[in-house]
Amino acid sequence: MISVIIPALNEEKALPETLCQLLRQRGDYEVIVVDGGSGDRTCEIVRAQPKVRLLSAPRGRASQMNAGAREAKGEWLLFLHADTCLPEGALARLNAMEPDPTIQAGGFLHRFSGGDWRLRLVSCLDNFRCRRTRIIYGDQAMFARRELFESLGGFPDQPILEDVAFCEKLVQVTTPVLLAPPVLTDSRKFVKMGVWRSLARVLLIILCVEFRLPVLPHAFFQDIR
């Protein structure tokens with residue numbers, strides 16, 4: 001079984017479509033949304049879905065995802081951002097991979113919604129980086145077997161780049177698979193921030209991670225709703 005764990009904070013705009021698309025998937029899975037103290041309709045949206053469990057945890061993706069993992073029942077733990085949709089058949093595909101012990105973790109290629117070539121460039125750069133390093137970012141629907149996730153201590157308790165920090169440990173013990181077709185992330189936040197600014201932001205993050213430069217200030221990762 002797959003446990004799909006969604007950390008959420010004030011995601012009333014994107015979460016309904018993510019849940020709608022997710023609950024259309026075939027396969028053996030459960031869905032857990034972990035709220036970090038939303039002040040909008042996020043929790044109300046989740047409670048309206050009888051097939052979705054709602055948990056709460058201290059604010060922060062690492063804290064919320066680890067809380068979901070502790071309550072999960074699946075062999076696979078799949079961490080899905082609230083504004084990202086899985087491709088059709090993704091969960092059935094993961095179910096089929098369960099008996100194969102050579103596959104321990106992975107994620108999906110990435111694409112933004114809409115046709116803006118600059119956003120496509122962002123995804124192309126990120127996919128190129130991921131193919132080369134196998135460091136999977138959080139918006140790529142990272143998944144791992146429960147036993148492996150627990151043995152690595154889960155996501156480190158840090159406010160930013162918890163996905164990168166976890167995956168750096170992950171690639172030391174296994175080679176994550178990278179699946180296509182890609183997940184689809186709502187481009188609304190990137191457009192609202194400004195596409196060129198968003199592109200520069202992504203490039204700086206990649207440079208910091210690739211060349212182990214000092215971590216950017218927390219304000220650089222300010223949420224856009």
# chains A, B, ... in the order shown; residues from 1 in each chain; ligands from 1
call {"tool": "select_by_dssp", "arguments": {"residues": "segment 1-224 of chain A", "states": "strand (DSSP E or B)", "output": "JSON, numbers by chain"}}
result
{"A": [2, 3, 4, 5, 6, 7, 8, 29, 30, 31, 32, 33, 34, 35, 52, 53, 54, 55, 56, 76, 77, 78, 79, 84, 85, 105, 106, 107, 108, 109, 110, 111, 112, 143, 144, 145, 177, 178, 179, 180, 181, 182, 183, 184, 185]}
call {"tool": "residues_around", "arguments": {"residues": "Met142 of chain A", "least_positions_apart": "2", "cutoff": "6 Å", "atoms": "only C-alpha atoms", "output": "PDB file with N, CA, C and O atoms, in the first residue's frame"}}
result
ATOM      1  N   LEU A  78       4.814   8.416   0.089  1.00  0.00           N
ATOM      2  CA  LEU A  78       4.936   9.354  -1.020  1.00  0.00           C
ATOM      3  C   LEU A  78       4.557  10.735  -0.516  1.00  0.00           C
ATOM      4  O   LEU A  78       3.460  10.938  -0.001  1.00  0.00           O
ATOM      5  N   PHE A  79       5.478  11.684  -0.664  1.00  0.00           N
ATOM      6  CA  PHE A  79       5.293  13.033  -0.138  1.00  0.00           C
ATOM      7  C   PHE A  79       4.930  13.962  -1.292  1.00  0.00           C
ATOM      8  O   PHE A  79       5.711  14.168  -2.213  1.00  0.00           O
ATOM      9  N   GLY A 106      12.406   7.006  -4.937  1.00  0.00           N
ATOM     10  CA  GLY A 106      12.386   7.678  -6.236  1.00  0.00           C
ATOM     11  C   GLY A 106      11.539   8.932  -6.208  1.00  0.00           C
ATOM     12  O   GLY A 106      11.160   9.455  -5.149  1.00  0.00           O
ATOM     13  N   GLY A 107      11.249   9.409  -7.396  1.00  0.00           N
ATOM     14  CA  GLY A 107      10.426  10.600  -7.574  1.00  0.00           C
ATOM     15  C   GLY A 107      10.056  10.710  -9.040  1.00  0.00           C
ATOM     16  O   GLY A 107      10.338   9.803  -9.836  1.00  0.00           O
ATOM     17  N   GLN A 140       8.650  17.063  -6.562  1.00  0.00           N
ATOM     18  CA  GLN A 140       8.725  15.959  -7.519  1.00  0.00           C
ATOM     19  C   GLN A 140       8.078  14.689  -6.978  1.00  0.00           C
ATOM     20  O   GLN A 140       8.316  13.602  -7.495  1.00  0.00           O
TER      21      GLN A 140
END
call {"tool": "atom_distance", "arguments": {"atom1": "atom CA of Gly74 of chain A", "atom2": "atom CA of Thr42 of chain A"}}
result
24.1 Å
call {"tool": "select_by_dssp", "arguments": {"residues": "segment 31-201 of chain A", "states": "alpha helix (DSSP H)", "output": "PyMOL selection string"}}
result
chain A and resi 42-47+61-71+90-97+117-133+146-151+162-170+188-193+195-201
call {"tool": "atom_distance", "arguments": {"atom1": "atom CA of Ser38 of chain A", "atom2": "atom CA of Asn10 of chain A"}}
result
4.7 Å
call {"tool": "closest_residue", "arguments": {"among": "A:Ile2, A:Leu204, A:Leu9, A:Ala141", "to": "Asn95 of chain A", "atoms": "only C-alpha atoms"}}
result
A:Ile2
call {"tool": "residues_around", "arguments": {"residues": "Ala14 of chain A", "least_positions_apart": "2", "cutoff": "8 Å", "atoms": "only C-alpha atoms", "output": "PyMOL selection string"}}
result
chain A and resi 11-12+16-18+82-83+186
